[in-house]
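A.B. asks: My structure is in final_7.tsv, and what it holds is TSV, C-alpha atoms:
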chain	number	residue	atom	x	y	z
W	30	MET	CA	199.63	-47.77	2.74
W	31	TYR	CA	196.58	-46.53	4.63
W	32	THR	CA	197.29	-43.93	7.31
W	33	TRP	CA	196.17	-46.33	10.06
W	34	GLU	CA	198.69	-48.87	8.78
W	35	ALA	CA	201.45	-46.29	9.22
W	36	ILE	CA	200.44	-45.73	12.83
W	37	GLN	CA	200.24	-49.48	13.45
W	38	GLU	CA	203.76	-49.82	12.06
W	39	ALA	CA	204.87	-47.06	14.41
W	40	LEU	CA	203.33	-48.93	17.35
W	41	ASP	CA	205.28	-52.05	16.33
W	42	ARG	CA	208.53	-50.06	16.18
W	43	ILE	CA	207.87	-48.53	19.59
W	44	GLU	CA	207.61	-52.03	21.10
W	45	GLN	CA	211.02	-52.92	19.65
W	46	GLU	CA	212.64	-49.73	20.93
W	47	LEU	CA	211.06	-49.36	24.38
W	48	PRO	CA	214.31	-49.80	26.36
W	49	ARG	CA	215.86	-46.99	24.31
W	50	GLY	CA	215.12	-43.32	23.72
W	51	ILE	CA	212.49	-42.84	21.02
W	52	LYS	CA	212.09	-39.49	19.30
W	53	THR	CA	208.79	-38.56	17.66
W	54	GLU	CA	210.59	-37.23	14.59
W	55	TRP	CA	212.42	-40.55	14.10
W	56	LEU	CA	209.16	-42.51	14.29
W	57	ALA	CA	207.52	-40.19	11.74
W	58	GLU	CA	210.45	-40.69	9.39
W	59	GLN	CA	210.23	-44.49	9.73
W	60	VAL	CA	206.64	-44.51	8.48
W	61	SER	CA	207.11	-41.77	5.86
W	62	LEU	CA	204.93	-39.11	7.47
W	63	SER	CA	205.72	-35.54	8.42
W	64	PRO	CA	206.08	-35.05	12.21
W	65	PHE	CA	203.03	-32.76	12.15
W	66	TYR	CA	200.63	-35.22	10.52
W	67	PHE	CA	202.19	-38.19	12.31
W	68	GLN	CA	201.45	-36.68	15.73
W	69	LYS	CA	197.96	-35.63	14.64
W	70	LEU	CA	197.07	-39.09	13.33
W	71	PHE	CA	198.68	-40.85	16.28
W	72	LYS	CA	196.62	-38.87	18.80
W	73	ARG	CA	193.42	-39.47	16.82
W	74	LEU	CA	193.90	-43.24	16.54
W	75	VAL	CA	195.66	-44.08	19.82
W	76	HIS	CA	194.01	-41.38	21.98
W	77	LYS	CA	197.36	-40.49	23.51
W	78	SER	CA	200.19	-38.23	22.41
W	79	VAL	CA	203.22	-40.06	21.05
W	80	GLN	CA	205.45	-39.48	24.06
W	81	GLU	CA	202.66	-40.11	26.59
W	82	TYR	CA	201.94	-43.45	24.92
W	83	ILE	CA	205.64	-44.38	24.92
W	84	LYS	CA	205.88	-43.54	28.62
W	85	LEU	CA	202.85	-45.67	29.49
W	86	ARG	CA	203.98	-48.63	27.39
W	87	ARG	CA	207.47	-48.38	28.90
W	88	LEU	CA	205.97	-48.44	32.40
W	89	SER	CA	203.87	-51.48	31.45
W	90	ARG	CA	207.05	-53.30	30.49
W	91	VAL	CA	208.74	-52.05	33.67
W	92	ILE	CA	206.01	-53.65	35.80
W	93	GLU	CA	206.92	-57.02	34.30
W	94	GLU	CA	210.54	-56.37	35.29
W	95	LEU	CA	209.55	-55.40	38.84
W	96	ASN	CA	207.97	-58.81	39.24
W	97	GLN	CA	211.42	-60.36	38.76
W	98	GLU	CA	213.12	-60.39	42.14
W	99	ASP	CA	216.64	-60.65	40.67
W	100	ARG	CA	216.44	-57.13	39.20
W	101	THR	CA	217.08	-54.03	41.32
W	102	ILE	CA	214.93	-50.95	40.83
W	103	THR	CA	218.04	-48.95	39.90
W	104	GLU	CA	218.94	-51.45	37.16
W	105	ILE	CA	215.42	-51.36	35.77
W	106	ALA	CA	215.33	-47.56	35.78
W	107	TYR	CA	218.49	-47.26	33.69
W	108	ASP	CA	217.59	-50.20	31.43
W	109	TYR	CA	214.39	-48.40	30.39
W	110	HIS	CA	215.94	-45.04	29.64
W	111	PHE	CA	215.00	-43.15	32.79
W	112	SER	CA	217.54	-40.46	33.67
W	113	SER	CA	217.86	-41.62	37.28
W	114	PRO	CA	216.16	-43.90	39.85
W	115	ALA	CA	214.60	-40.78	41.39
W	116	ASN	CA	213.11	-39.76	38.04
W	117	PHE	CA	211.81	-43.29	37.54
W	118	THR	CA	210.15	-43.31	40.97
W	119	ARG	CA	208.56	-39.90	40.33
W	120	VAL	CA	207.10	-40.93	36.95
W	121	PHE	CA	205.90	-44.29	38.31
W	122	LYS	CA	204.14	-42.67	41.27
W	123	GLU	CA	202.57	-39.95	39.12
W	124	THR	CA	201.12	-42.69	36.91
W	125	TYR	CA	200.06	-45.36	39.41
W	126	SER	CA	199.85	-43.43	42.72
W	127	ILE	CA	202.36	-45.80	44.35
W	128	THR	CA	206.15	-46.05	44.19
W	129	PRO	CA	208.03	-48.94	42.54
W	130	GLU	CA	209.10	-50.06	46.02
W	131	GLU	CA	205.48	-50.13	47.23
W	132	TYR	CA	204.41	-52.02	44.13
W	133	ARG	CA	207.11	-54.64	44.59
W	134	LYS	CA	206.09	-55.09	48.24
W	135	LYS	CA	202.27	-55.22	47.80
W	136	ARG	CA	201.90	-56.37	44.15
W	137	PRO	CA	198.49	-54.75	43.53
W	138	ARG	CA	196.91	-55.15	40.09
W	139	LEU	CA	197.63	-52.07	38.02
W	140	ASN	CA	195.64	-50.62	35.15
W	141	THR	CA	198.27	-50.43	32.40
W	142	MET	CA	198.35	-49.31	28.78
W	143	ILE	CA	198.27	-52.22	26.35
W	144	LYS	CA	199.45	-51.99	22.77
W	145	PRO	CA	196.35	-51.25	20.66
W	146	ASP	CA	195.47	-53.16	17.53
W	147	ILE	CA	194.27	-50.41	15.19
W	148	ALA	CA	193.64	-52.91	12.39
W	149	LEU	CA	190.82	-54.42	14.43
W	150	THR	CA	188.86	-51.18	14.12
W	151	TYR	CA	188.83	-51.54	10.35
W	152	LYS	CA	187.83	-55.20	10.18
W	153	ASP	CA	184.27	-56.47	9.91
W	154	LEU	CA	183.89	-59.83	11.63
W	155	ASP	CA	181.13	-62.00	10.23
W	156	GLU	CA	179.08	-63.91	12.76
W	157	ASN	CA	180.19	-67.46	13.61
W	158	ILE	CA	183.47	-67.13	11.69
W	159	PRO	CA	186.66	-67.05	13.84
W	160	ILE	CA	189.40	-64.60	12.92
W	161	LEU	CA	192.99	-64.52	14.18
W	162	ILE	CA	194.32	-61.06	15.03
W	163	ASP	CA	197.84	-60.92	16.43
W	164	ASP	CA	197.79	-63.44	19.31
W	165	LEU	CA	194.00	-63.46	19.75
W	166	LEU	CA	191.29	-65.61	18.18
W	167	LEU	CA	187.91	-63.84	18.11
W	168	GLU	CA	184.49	-65.15	17.14
W	169	ILE	CA	181.14	-63.37	17.46
W	170	ARG	CA	177.81	-65.15	17.68
W	171	ARG	CA	174.22	-64.59	18.83
W	172	GLU	CA	172.96	-66.43	21.88
W	173	THR	CA	169.56	-66.67	23.56
W	174	LEU	CA	169.60	-67.19	27.31
W	175	GLU	CA	166.34	-68.90	28.24
W	176	THR	CA	166.58	-68.70	32.03
W	177	GLU	CA	168.29	-66.35	34.46
W	178	GLU	CA	171.82	-67.19	35.64
W	179	THR	CA	172.63	-66.23	39.23
W	180	TYR	CA	176.12	-65.63	40.62
W	181	LEU	CA	177.47	-65.06	44.15
W	182	GLY	CA	180.48	-62.90	44.92
W	183	PHE	CA	181.60	-59.32	45.53
W	184	SER	CA	180.86	-55.91	44.04
W	185	THR	CA	182.88	-52.70	44.06
W	186	LEU	CA	182.49	-49.13	42.82
W	187	VAL	CA	184.82	-48.03	40.01
W	188	ASP	CA	185.81	-44.55	38.82
W	189	THR	CA	185.32	-44.78	35.03
W	190	ALA	CA	187.96	-42.16	34.21
W	191	LYS	CA	190.66	-44.17	35.97
W	192	GLN	CA	190.13	-47.39	34.04
W	193	ILE	CA	191.79	-47.91	30.66
W	194	PRO	CA	190.38	-48.42	28.03
W	195	MET	CA	187.11	-46.78	29.15
W	196	GLY	CA	188.93	-43.84	30.68
W	197	GLU	CA	192.14	-42.05	29.89
W	198	SER	CA	194.03	-42.64	33.10
W	199	THR	CA	195.97	-45.35	34.87
W	200	GLY	CA	196.29	-46.51	38.44
W	201	ILE	CA	195.14	-49.39	40.59
W	202	ASP	CA	193.06	-51.89	38.59
W	203	ILE	CA	189.92	-51.91	40.76
W	204	PRO	CA	188.10	-54.69	38.83
W	205	GLY	CA	191.32	-56.73	39.00
W	206	GLN	CA	191.49	-56.20	42.74
W	207	CYS	CA	187.87	-57.36	43.00
W	208	TRP	CA	188.84	-60.60	41.21
W	209	THR	CA	191.75	-61.06	43.62
W	210	ARG	CA	189.42	-60.66	46.59
W	211	PHE	CA	186.92	-63.15	45.18
W	212	HIS	CA	189.56	-65.79	44.50
W	213	GLN	CA	190.91	-65.35	48.05
W	214	GLU	CA	187.41	-65.99	49.44
W	215	LYS	CA	186.18	-68.54	46.88
W	216	SER	CA	187.03	-71.61	48.95
W	217	LYS	CA	184.67	-70.41	51.70
W	218	LEU	CA	181.77	-70.63	49.24
W	219	LYS	CA	182.53	-74.08	47.81
W	220	THR	CA	179.43	-75.70	49.33
W	221	VAL	CA	176.99	-73.30	47.62
W	222	ILE	CA	178.61	-72.32	44.30
W	223	ASN	CA	179.60	-74.10	41.10
W	224	PRO	CA	183.31	-73.17	41.03
W	225	ASP	CA	183.72	-74.05	37.34
W	226	PHE	CA	181.72	-71.06	36.15
W	227	GLU	CA	182.80	-67.50	36.97
W	228	MET	CA	181.50	-64.13	35.83
W	229	GLY	CA	182.63	-60.51	35.97
W	230	MET	CA	180.02	-57.84	35.24
W	231	SER	CA	180.15	-54.08	34.65
W	232	TYR	CA	176.79	-52.46	35.47
W	233	GLY	CA	175.04	-49.59	37.20
W	234	ALA	CA	176.87	-46.80	35.41
W	235	ASP	CA	176.26	-43.29	36.77
W	236	PRO	CA	177.18	-40.76	34.04
W	237	VAL	CA	176.85	-37.83	36.46
W	238	LYS	CA	179.23	-39.25	39.05
W	239	GLY	CA	181.38	-40.97	36.41
W	240	THR	CA	181.25	-44.36	38.13
W	241	PHE	CA	180.06	-47.91	37.55
W	242	HIS	CA	179.79	-51.08	39.61
W	243	TYR	CA	181.88	-54.18	38.96
W	244	PHE	CA	180.96	-57.65	40.19
W	245	THR	CA	183.01	-60.85	40.39
W	246	GLY	CA	181.61	-64.21	41.39
W	247	ALA	CA	180.78	-67.84	40.63
W	248	LEU	CA	177.59	-69.56	39.51
W	249	TYR	CA	175.08	-69.83	42.37
W	250	PRO	CA	172.74	-72.69	41.33
W	251	MET	CA	170.38	-72.55	44.34
W	252	PRO	CA	170.16	-68.93	45.52
W	253	GLN	CA	169.30	-68.36	49.16
W	254	GLU	CA	169.44	-65.53	51.65
W	255	ILE	CA	172.96	-64.15	52.04
W	256	SER	CA	174.76	-61.73	54.32
W	257	GLU	CA	177.41	-59.09	53.72
W	258	PRO	CA	179.99	-58.79	52.28
W	259	TYR	CA	178.62	-61.16	49.64
W	260	VAL	CA	176.22	-59.99	46.93
W	261	ILE	CA	174.11	-61.69	44.28
W	262	GLN	CA	174.21	-60.64	40.63
W	263	SER	CA	172.14	-62.14	37.82
W	264	LEU	CA	172.46	-62.45	34.07
W	265	PRO	CA	168.88	-61.99	32.83
W	266	PRO	CA	167.26	-64.05	30.07
W	267	GLY	CA	167.16	-62.53	26.62
W	268	ASN	CA	169.03	-62.19	23.34
W	269	TYR	CA	172.78	-61.64	23.53
W	270	ILE	CA	175.75	-60.90	21.32
W	271	VAL	CA	178.66	-63.03	22.51
W	272	CYS	CA	182.32	-62.46	21.61
W	273	ARG	CA	184.49	-65.49	22.34
W	274	ILE	CA	188.18	-64.72	22.91
W	275	GLU	CA	191.00	-67.26	22.89
W	276	ALA	CA	194.66	-66.58	23.69
W	277	GLU	CA	197.89	-68.50	24.12
W	278	ASN	CA	198.00	-67.80	27.87
W	279	PHE	CA	195.65	-66.52	30.57
W	280	GLU	CA	197.55	-63.27	31.18
W	281	THR	CA	197.21	-62.24	27.53
W	282	LEU	CA	193.55	-63.23	27.62
W	283	VAL	CA	192.56	-61.03	30.57
W	284	CYS	CA	195.10	-58.21	30.19
W	285	GLU	CA	194.84	-57.67	26.42
W	286	GLY	CA	192.16	-59.87	24.91
W	287	LEU	CA	189.29	-58.56	27.01
W	288	ASP	CA	190.15	-54.88	26.45
W	289	LYS	CA	190.63	-55.27	22.70
W	290	ALA	CA	187.50	-57.37	22.23
W	291	ALA	CA	185.35	-55.03	24.34
W	292	SER	CA	186.61	-51.96	22.50
W	293	TYR	CA	185.96	-53.55	19.10
W	294	LEU	CA	182.55	-54.97	20.00
W	295	LEU	CA	181.21	-51.80	21.68
W	296	ASN	CA	182.80	-49.14	19.47
W	297	THR	CA	182.91	-50.77	16.04
W	298	TRP	CA	180.92	-53.99	15.54
W	299	LEU	CA	177.67	-53.07	17.28
W	300	PRO	CA	177.45	-49.47	15.95
W	301	SER	CA	178.15	-50.66	12.39
W	302	ARG	CA	175.01	-52.81	12.64
W	303	SER	CA	172.92	-50.21	14.51
W	304	LEU	CA	172.47	-52.64	17.39
W	305	GLU	CA	171.62	-51.21	20.81
W	306	ILE	CA	172.44	-53.00	24.05
W	307	GLU	CA	171.41	-52.89	27.69
W	308	PRO	CA	173.72	-50.89	30.03
W	309	PHE	CA	175.86	-53.78	31.27
W	310	SER	CA	178.37	-56.32	30.00
W	311	ALA	CA	179.45	-59.67	31.40
W	312	GLU	CA	182.63	-61.66	30.99
W	313	LYS	CA	182.12	-65.39	31.51
W	314	TYR	CA	184.74	-68.05	32.24
W	315	ASN	CA	184.20	-71.80	31.94
W	316	LEU	CA	187.02	-73.23	34.06
W	317	ALA	CA	185.98	-76.79	33.20
W	318	GLU	CA	186.96	-76.13	29.58
W	319	THR	CA	190.55	-77.36	29.48
W	320	GLU	CA	191.24	-77.50	25.73
W	321	ASP	CA	191.39	-73.74	25.19
W	322	ILE	CA	192.37	-70.67	27.20
W	323	SER	CA	189.26	-68.62	26.56
W	324	MET	CA	186.50	-66.39	27.87
W	325	GLU	CA	183.28	-64.88	26.49
W	326	LEU	CA	182.08	-61.29	26.54
W	327	TRP	CA	178.25	-61.10	26.71
W	328	VAL	CA	176.18	-58.00	25.91
W	329	LYS	CA	172.35	-58.05	25.95
W	330	LEU	CA	170.44	-56.64	23.00
W	331	LYS	CA	167.71	-54.15	23.76
W	332	GLU	CA	164.27	-55.54	23.11
W	333	PRO	CA	162.29	-53.63	20.47
W	334	THR	CA	159.76	-51.24	21.96
W	335	MET	CA	156.10	-51.68	21.15
W	336	ASN	CA	154.36	-48.58	19.75
Any chance you could give the structure as structure tokens?
C.D. replies:
Amino acid sequence: MYTWEAIQEALDRIEQELPRGIKTEWLAEQVSLSPFYFQKLFKRLVHKSVQEYIKLRRLSRVIEELNQEDRTITEIAYDYHFSSPANFTRVFKETYSITPEEYRKKRPRLNTMIKPDIALTYKDLDENIPILIDDLLLEIRRETLETEETYLGFSTLVDTAKQIPMGESTGIDIPGQCWTRFHQEKSKLKTVINPDFEMGMSYGADPVKGTFHYFTGALYPMPQEISEPYVIQSLPPGNYIVCRIEAENFETLVCEGLDKAASYLLNTWLPSRSLEIEPFSAEKYNLAETEDISMELWVKLKEPTMN
């Protein structure tokens, strides 16, 4: 067994045991590693300590429970191995900056820890050949965009450090909130947009401030002068690498599929081929496509410089 396979097995066991207490030493024993090397490898591959990861995954599962109105917060706290409702509230607020009661009342989108797929890091996807990994179907291809695509919607500023998987923190899912805002306003734009085609874009990163901009909107076939709060964002012509992602349901697609595909494409696939990209990425949704639950992640290749 490769060491990464041992950690993947540990991640699988954690999912099974989330409602119960999970000791690091027990996990190490289950995958035949010493506690010392198990913790070292876990931190290197998952980028979290064992117990921090367990806490964040447990809270992710708890959020699903909070969306069920028939469960009390006290019941949920004890069901997921918190020592008391007060302890549960403290940990939840430390992680997401709101209490469980506030979450249940307002239902904001939260930036939660998903279960990583370490195996994906060690796979080399050939172009134009789909591969099934867990519950996701991925396929990478090259695409040339001949003419600019223009979209109309909203833009917001995001703190990079507070957005998993780019950062190491959790909290309110700012890009998710931007999508919520757009979908609340979308009907007001129906006379000027093509509602079947939507795009989210990360762009305008500022490494000094540790921020980037995130845009959500729909295709804007005949651009014209606009007024605030709406903004226009364009996908420029050029050569792209496109990762198509399919999932069994939309929640898995946007909550897990996008993060896993982006991490693999940006951190593994592109570097292994020495391909450089422009400083933005776009996620495109074709809502007219009814056969599959899918989306596409687009990154633009840098044009070779002329000496």
A.B. asks: So what do you get for atom CA of Ser216 of chain W versus atom CA of Met324 of chain W, distance-wise?
C.D. replies: 21.7 Å
A.B. asks: Between W:Leu166, W:Cys284, W:Ile143, W:Leu154, which residue has the minimum interatomic distance to Leu85 of chain W, considering only C-alpha atoms?
C.D. replies: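 Residue with the minimum atom-to-atom distance to Leu85 of chain W: W:Ile143.
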A.B. asks: Within 10 Å of (192.2, -59.6, 38.0) (file coordinates; only C-alpha atoms), which protein or nucleic acid residues are there? I'd like them as JSON, numbers by chain.
C.D. replies: {"W": [137, 138, 139, 202, 203, 204, 205, 206, 207, 208, 209, 210, 211, 212, 229, 245, 280, 283, 284]}
A.B. asks: Do you know which residues are at most 9 Å from segment 67-70 of chain W counting all atoms listed in the file, after dropping those on the same chain fewer than 4 positions away, and could you put them as number ranges by chain?
C.D. replies: W: 32-33, 35-36, 53-54, 56-57, 60-63, 74-75, 78-79
A.B. asks: Rank W:Arg42, W:His110, W:Arg119, W:Arg302 by their smallest atom-to-atom distance to Leu330 of chain W, using all atoms listed in the file, and report the top residue only.
C.D. replies: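 Under the stated criterion, the closest residue is W:Arg302.
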A.B. asks: Kindly indicate which residue among W:Leu287, W:Leu326, W:Tyr259, W:Tyr269 lies nearest to Arg171 of chain W, using only C-alpha atoms for the distances.
C.D. replies: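 Among W:Leu287, W:Leu326, W:Tyr259, W:Tyr269, it is W:Tyr269 that comes nearest to Arg171 of chain W.
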A.B. asks: Between atom CA of Met228 of chain W and atom CA of Val328 of chain W, what is the spacing in Å?
C.D. replies: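 Computed distance, atom CA of Val328 of chain W to atom CA of Met228 of chain W, equals 12.8 Å.
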A.B. asks: List as a ChimeraX atom specification: which residues have an atom within 10 Å of (191.5, -50.9, 17.1), counting all atoms listed in the file?
C.D. replies: /W:33,37,74-75,144-152,289-290,292-293,296-297
A.B. asks: So, with all atoms listed in the file as the atoms that count, which of W:Glu131, W:Asp99, W:Glu305, W:Asp108 lies closest to Glu46 of chain W?
C.D. replies: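 Smallest distance to Glu46 of chain W is found for W:Asp108.
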A.B. asks: Would you give the centre and edge lengths, in Å to one decimal, of a box along x, y and z around the listed atoms of segment 248-267 of chain W, with 8 Å added to each side, as lines of an AutoDock Vina configuration file?
C.D. replies:
center_x = 173.6
center_y = -65.7
center_z = 40.5
size_x = 28.8
size_y = 29.9
size_z = 43.7
A.B. asks: Enter the distance from atom CA of Lys84 of chain W to atom CA of Phe121 of chain W, in Å, rounded to one decimal.
C.D. replies: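 A separation of 9.7 Å between them.
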A.B. asks: Find the spatial neighbours of Glu123 of chain W, counting only C-alpha atoms, within a cut-off of 12 Å - ignore same-chain residues fewer than 4 positions away - and output them as a list in words.
C.D. replies: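 Skipping anything fewer than 4 positions along the chain leaves Lys84, Leu85, Leu88, Asn116, Phe117, Thr118, Arg119, Ile127, Thr128, Pro129, Ser198, Thr199 and Gly200 of chain W.
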A.B. asks: Hey, what's within 10 Å of Leu304 of chain W if we count only C-alpha atoms and toss same-chain stuff fewer than 2 positions away? As an mmCIF file with C-alpha atoms, keeping the file's coordinate frame, please?
C.D. replies:
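Written output follows (out-v8.cif):
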data_model
loop_
_atom_site.group_PDB
_atom_site.id
_atom_site.type_symbol
_atom_site.label_atom_id
_atom_site.label_comp_id
_atom_site.auth_asym_id
_atom_site.auth_seq_id
_atom_site.Cartn_x
_atom_site.Cartn_y
_atom_site.Cartn_z
ATOM 1 C CA ILE W 270 175.750 -60.900 21.320
ATOM 2 C CA LEU W 295 181.210 -51.800 21.680
ATOM 3 C CA TRP W 298 180.920 -53.990 15.540
ATOM 4 C CA LEU W 299 177.670 -53.070 17.280
ATOM 5 C CA PRO W 300 177.450 -49.470 15.950
ATOM 6 C CA SER W 301 178.150 -50.660 12.390
ATOM 7 C CA ARG W 302 175.010 -52.810 12.640
ATOM 8 C CA ILE W 306 172.440 -53.000 24.050
ATOM 9 C CA LEU W 330 170.440 -56.640 23.000
ATOM 10 C CA LYS W 331 167.710 -54.150 23.760
#
A.B. asks: Could you tell me which of W:Ser184, W:Leu248, W:Pro236, W:Phe241 comes closest to Leu218 of chain W if we count only C-alpha atoms?
C.D. replies: W:Leu248
A.B. asks: Please rebuild segment 132-146 of chain W with N, CA, C and O atoms and give the result as a JSON list (two decimals), in the coordinates of the input.
C.D. replies:
[["chain", "number", "residue", "atom", "x", "y", "z"],
["W", 132, "TYR", "N", 204.98, -51.02, 45.02],
["W", 132, "TYR", "CA", 204.41, -52.02, 44.13],
["W", 132, "TYR", "C", 205.08, -53.38, 44.36],
["W", 132, "TYR", "O", 204.40, -54.41, 44.46],
["W", 133, "ARG", "N", 206.38, -53.38, 44.43],
["W", 133, "ARG", "CA", 207.11, -54.64, 44.59],
["W", 133, "ARG", "C", 206.74, -55.32, 45.92],
["W", 133, "ARG", "O", 206.71, -56.55, 46.01],
["W", 134, "LYS", "N", 206.42, -54.54, 46.92],
["W", 134, "LYS", "CA", 206.09, -55.09, 48.24],
["W", 134, "LYS", "C", 204.66, -55.62, 48.28],
["W", 134, "LYS", "O", 204.39, -56.71, 48.80],
["W", 135, "LYS", "N", 203.69, -54.87, 47.66],
["W", 135, "LYS", "CA", 202.27, -55.22, 47.80],
["W", 135, "LYS", "C", 201.71, -55.96, 46.58],
["W", 135, "LYS", "O", 200.71, -56.66, 46.68],
["W", 136, "ARG", "N", 202.33, -55.75, 45.41],
["W", 136, "ARG", "CA", 201.90, -56.37, 44.15],
["W", 136, "ARG", "C", 200.41, -56.18, 43.85],
["W", 136, "ARG", "O", 199.70, -57.14, 43.56],
["W", 137, "PRO", "N", 199.89, -54.95, 43.91],
["W", 137, "PRO", "CA", 198.49, -54.75, 43.53],
["W", 137, "PRO", "C", 198.34, -54.89, 42.01],
["W", 137, "PRO", "O", 199.32, -54.75, 41.27],
["W", 138, "ARG", "N", 197.14, -55.15, 41.54],
["W", 138, "ARG", "CA", 196.91, -55.15, 40.09],
["W", 138, "ARG", "C", 196.86, -53.70, 39.62],
["W", 138, "ARG", "O", 196.17, -52.88, 40.22],
["W", 139, "LEU", "N", 197.58, -53.42, 38.55],
["W", 139, "LEU", "CA", 197.63, -52.07, 38.02],
["W", 139, "LEU", "C", 196.94, -51.99, 36.66],
["W", 139, "LEU", "O", 196.96, -52.95, 35.88],
["W", 140, "ASN", "N", 196.34, -50.87, 36.40],
["W", 140, "ASN", "CA", 195.64, -50.62, 35.15],
["W", 140, "ASN", "C", 196.64, -50.04, 34.16],
["W", 140, "ASN", "O", 196.96, -48.84, 34.21],
["W", 141, "THR", "N", 197.18, -50.86, 33.27],
["W", 141, "THR", "CA", 198.27, -50.43, 32.40],
["W", 141, "THR", "C", 197.81, -50.23, 30.96],
["W", 141, "THR", "O", 196.75, -50.70, 30.55],
["W", 142, "MET", "N", 198.63, -49.54, 30.20],
["W", 142, "MET", "CA", 198.35, -49.31, 28.78],
["W", 142, "MET", "C", 198.82, -50.51, 27.96],
["W", 142, "MET", "O", 199.99, -50.88, 28.00],
["W", 143, "ILE", "N", 197.89, -51.13, 27.23],
["W", 143, "ILE", "CA", 198.27, -52.22, 26.35],
["W", 143, "ILE", "C", 198.49, -51.66, 24.95],
["W", 143, "ILE", "O", 197.99, -50.59, 24.60],
["W", 144, "LYS", "N", 199.24, -52.40, 24.15],
["W", 144, "LYS", "CA", 199.45, -51.99, 22.77],
["W", 144, "LYS", "C", 198.16, -52.18, 21.98],
["W", 144, "LYS", "O", 197.64, -53.28, 21.90],
["W", 145, "PRO", "N", 197.62, -51.10, 21.39],
["W", 145, "PRO", "CA", 196.35, -51.25, 20.66],
["W", 145, "PRO", "C", 196.54, -51.94, 19.32],
["W", 145, "PRO", "O", 197.63, -51.91, 18.74],
["W", 146, "ASP", "N", 195.48, -52.55, 18.85],
["W", 146, "ASP", "CA", 195.47, -53.16, 17.53],
["W", 146, "ASP", "C", 194.53, -52.33, 16.66],
["W", 146, "ASP", "O", 193.33, -52.57, 16.62]]
